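Coordinates from final.pdb are shown below (PDB, C-alpha atoms and all ligand atoms).
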ATOM      1  CA  MET B  44       5.819 -14.664 -11.309  1.00  0.00           C
ATOM      2  CA  GLU B  45       4.464 -11.348 -10.140  1.00  0.00           C
ATOM      3  CA  PRO B  46       7.193  -9.428  -8.271  1.00  0.00           C
ATOM      4  CA  ASP B  47       6.514  -8.455  -4.660  1.00  0.00           C
ATOM      5  CA  ARG B  48       7.364  -4.834  -5.287  1.00  0.00           C
ATOM      6  CA  GLN B  49       7.069  -3.130  -8.610  1.00  0.00           C
ATOM      7  CA  CYS B  50       7.019   0.397  -9.998  1.00  0.00           C
ATOM      8  CA  MET B  51       3.467   1.721  -9.586  1.00  0.00           C
ATOM      9  CA  ILE B  52       3.654   3.293 -13.070  1.00  0.00           C
ATOM     10  CA  CYS B  53       5.590   0.970 -15.389  1.00  0.00           C
ATOM     11  CA  GLY B  54       5.698  -2.271 -13.370  1.00  0.00           C
ATOM     12  CA  LEU B  55       9.479  -2.731 -13.224  1.00  0.00           C
ATOM     13  CA  PRO B  56      10.717  -4.448 -10.033  1.00  0.00           C
ATOM     14  CA  VAL B  57      11.878  -1.873  -7.472  1.00  0.00           C
ATOM     15  CA  ASN B  58      13.783  -1.926  -4.189  1.00  0.00           C
ATOM     16  CA  ASN B  59      12.099  -2.445  -0.852  1.00  0.00           C
ATOM     17  CA  GLY B  60      10.346   0.770   0.186  1.00  0.00           C
ATOM     18  CA  ALA B  61      10.238   2.325  -3.289  1.00  0.00           C
ATOM     19  CA  TRP B  62       6.929   3.001  -5.010  1.00  0.00           C
ATOM     20  CA  LEU B  63       8.379   3.690  -8.439  1.00  0.00           C
ATOM     21  CA  CYS B  64      11.535   3.208 -10.454  1.00  0.00           C
ATOM     22  CA  ILE B  65      14.164   5.874 -10.966  1.00  0.00           C
ATOM     23  CA  ALA B  66      13.136   6.437 -14.589  1.00  0.00           C
ATOM     24  CA  CYS B  67       9.490   7.159 -13.677  1.00  0.00           C
ATOM     25  CA  GLU B  68      10.538   9.226 -10.683  1.00  0.00           C
ATOM     26  CA  ARG B  69      12.423  11.511 -13.047  1.00  0.00           C
ATOM     27  CA  ALA B  70       9.933  11.411 -15.902  1.00  0.00           C
ATOM     28  CA  TYR B  71       6.948  12.366 -13.717  1.00  0.00           C
ATOM     29  CA  GLY B  72       8.749  14.678 -11.265  1.00  0.00           C
ATOM     30  CA  LEU B  73       8.046  12.444  -8.254  1.00  0.00           C
ATOM     31  CA  ALA B  74      11.526  12.545  -6.700  1.00  0.00           C
ATOM     32  CA  ILE B  75      10.005  14.628  -3.890  1.00  0.00           C
ATOM     33  CA  ALA B  76       8.275  13.972  -0.562  1.00  0.00           C
ATOM     34  CA  PHE B  77       5.045  11.973  -0.864  1.00  0.00           C
ATOM     35  CA  ALA B  78       3.030  14.913   0.529  1.00  0.00           C
ATOM     36  CA  GLY B  79       3.934  16.912  -2.569  1.00  0.00           C
ATOM     37  CA  TRP B  80       2.771  14.291  -5.067  1.00  0.00           C
ATOM     38  CA  PRO B  81      -0.201  15.072  -7.341  1.00  0.00           C
ATOM     39  CA  ASP B  82      -3.465  13.222  -6.621  1.00  0.00           C
ATOM     40  CA  TRP B  83      -3.088  10.792  -9.538  1.00  0.00           C
ATOM     41  CA  ALA B  84       0.293   9.681  -8.202  1.00  0.00           C
ATOM     42  CA  LYS B  85      -1.087   9.201  -4.683  1.00  0.00           C
ATOM     43  CA  ALA B  86      -3.926   7.107  -6.119  1.00  0.00           C
ATOM     44  CA  LEU B  87      -1.461   4.887  -7.986  1.00  0.00           C
ATOM     45  CA  LYS B  88       0.565   4.486  -4.809  1.00  0.00           C
ATOM     46  CA  ASP B  89      -2.560   3.418  -2.892  1.00  0.00           C
ATOM     47  CA  ASP B  90      -3.309   0.792  -5.529  1.00  0.00           C
ATOM     48  CA  GLU B  91       0.236  -0.556  -5.427  1.00  0.00           C
ATOM     49  CA  GLN B  92       0.147  -0.602  -1.612  1.00  0.00           C
ATOM     50  CA  LYS B  93      -3.034  -2.684  -1.661  1.00  0.00           C
ATOM     51  CA  ARG B  94      -1.500  -5.021  -4.221  1.00  0.00           C
ATOM     52  CA  ARG B  95       1.584  -5.554  -2.054  1.00  0.00           C
ATOM     53  CA  ARG B  96      -0.520  -6.232   1.052  1.00  0.00           C
ATOM     54  CA  ARG B  97      -2.607  -8.729  -0.880  1.00  0.00           C
ATOM     55  CA  ILE B  98       0.532 -10.550  -2.027  1.00  0.00           C
ATOM     56  CA  ALA B  99       1.993 -10.507   1.488  1.00  0.00           C
ATOM     57  CA  ARG B 100      -1.180 -12.046   2.942  1.00  0.00           C
ATOM     58  CA  TYR B 101      -1.341 -14.587   0.162  1.00  0.00           C
ATOM     59  CA  ARG B 102       2.160 -15.743   0.984  1.00  0.00           C
ATOM     60  CA  GLY B 103       1.333 -16.117   4.669  1.00  0.00           C
ATOM     61  CA  PHE B 104       3.385 -13.268   6.052  1.00  0.00           C
ATOM     62  CA  THR B 105       2.385 -11.991   9.475  1.00  0.00           C
ATOM     63  CA  VAL B 106      -0.174  -9.191   9.334  1.00  0.00           C
ATOM     64  CA  LEU B 107       1.181  -6.319  11.382  1.00  0.00           C
ATOM     65  CA  SER B 108      -2.027  -4.637  12.540  1.00  0.00           C
ATOM     66  CA  TYR B 109      -5.797  -4.910  12.499  1.00  0.00           C
ATOM     67  CA  GLU B 110      -5.907  -1.876  10.263  1.00  0.00           C
ATOM     68  CA  GLU B 111      -3.783  -3.607   7.637  1.00  0.00           C
ATOM     69  CA  ALA B 112      -5.912  -6.711   7.818  1.00  0.00           C
ATOM     70  CA  GLY B 113      -9.030  -4.611   7.160  1.00  0.00           C
ATOM     71  CA  ILE B 114     -10.898  -6.014  10.162  1.00  0.00           C
ATOM     72  CA  GLU B 115     -10.506  -3.052  12.528  1.00  0.00           C
ATOM     73  CA  ASP B 116     -14.123  -1.968  12.006  1.00  0.00           C
ATOM     74  CA  LEU B 117     -15.432  -5.411  12.853  1.00  0.00           C
ATOM     75  CA  VAL B 118     -13.466  -5.529  16.094  1.00  0.00           C
ATOM     76  CA  TYR B 119     -14.518  -2.095  17.294  1.00  0.00           C
ATOM     77  CA  SER B 120     -18.185  -2.214  16.306  1.00  0.00           C
ATOM     78  CA  GLY B 121     -18.569  -5.339  18.417  1.00  0.00           C
ATOM     79  CA  ALA B 122     -16.842  -3.758  21.401  1.00  0.00           C
ATOM     80  CA  ASP B 123     -18.996  -0.614  21.264  1.00  0.00           C
ATOM     81  CA  ASP B 124     -22.216  -2.584  21.458  1.00  0.00           C
ATOM     82  CA  SER B 125     -21.175  -4.475  24.554  1.00  0.00           C
ATOM     83  CA  LEU B 126     -20.016  -1.312  26.351  1.00  0.00           C
ATOM     84  CA  ALA B 127     -23.193   0.653  25.538  1.00  0.00           C
ATOM     85  CA  GLY B 128     -25.453  -1.707  27.502  1.00  0.00           C
TER      86      GLY B 128
HETATM   87 ZN    ZN S   1       8.730   2.908 -13.550  1.00  0.00          ZN
END

Could you write out this file's structure as structure tokens?
Ligand SMILES: [Zn+2]
Amino acid sequence: MEPDRQCMICGLPVNNGAWLCIACERAYGLAIAFAGWPDWAKALKDDEQKRRRRIARYRGFTVLSYEEAGIEDLVYSGADDSLAG
């Protein structure tokens, strides 16, 4: 079965909150604050984040915010129309 959380580079299972395993962290020099990561690493992290959200929704976990559910735009575009009139 696909693990909930895996290294965004090599796919090994990782601890809650980690985006990559210790080996990749060292190999790619990513044992630093996220803001200092190169663009390719940030892109991989975004992909892994989406994957984890998809799995969480699939398993029926509570969605924490409209933004995470991807329906924020729908909610606000409807509200704007009604206020404009
Ligand atoms: Zn790894």

Using all atoms listed in the file, determine which residues lie at most 7 Å from stretch 56-69 of chain B, disregarding the query and same-chain residues fewer than 6 positions distant; provide the list as number ranges by chain.
B: 46, 48-50, 88

What does the distance from atom CA of B:Tyr71 to atom CA of B:Glu91 come to in Å, to one decimal?
16.8 Å

Taking all atoms listed in the file into account, which of B:Arg95, B:Leu87, B:Asp82, B:Arg102 comes nearest ligand ZN 1 (chain S)?
B:Leu87

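The two atoms in question, atom CA of B:Gly72 and atom CA of B:Ala86, are spaced 15.6 Å apart.
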
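The spacing separating atom CA of B:Ala99 from atom CA of B:Trp83 amounts to 24.5 Å.
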
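The smallest atom-to-atom distance between B:Asp90 and any of B:Ile52, B:Phe77, B:Ala70, B:Gly103, using all atoms listed in the file, is found for B:Ile52.
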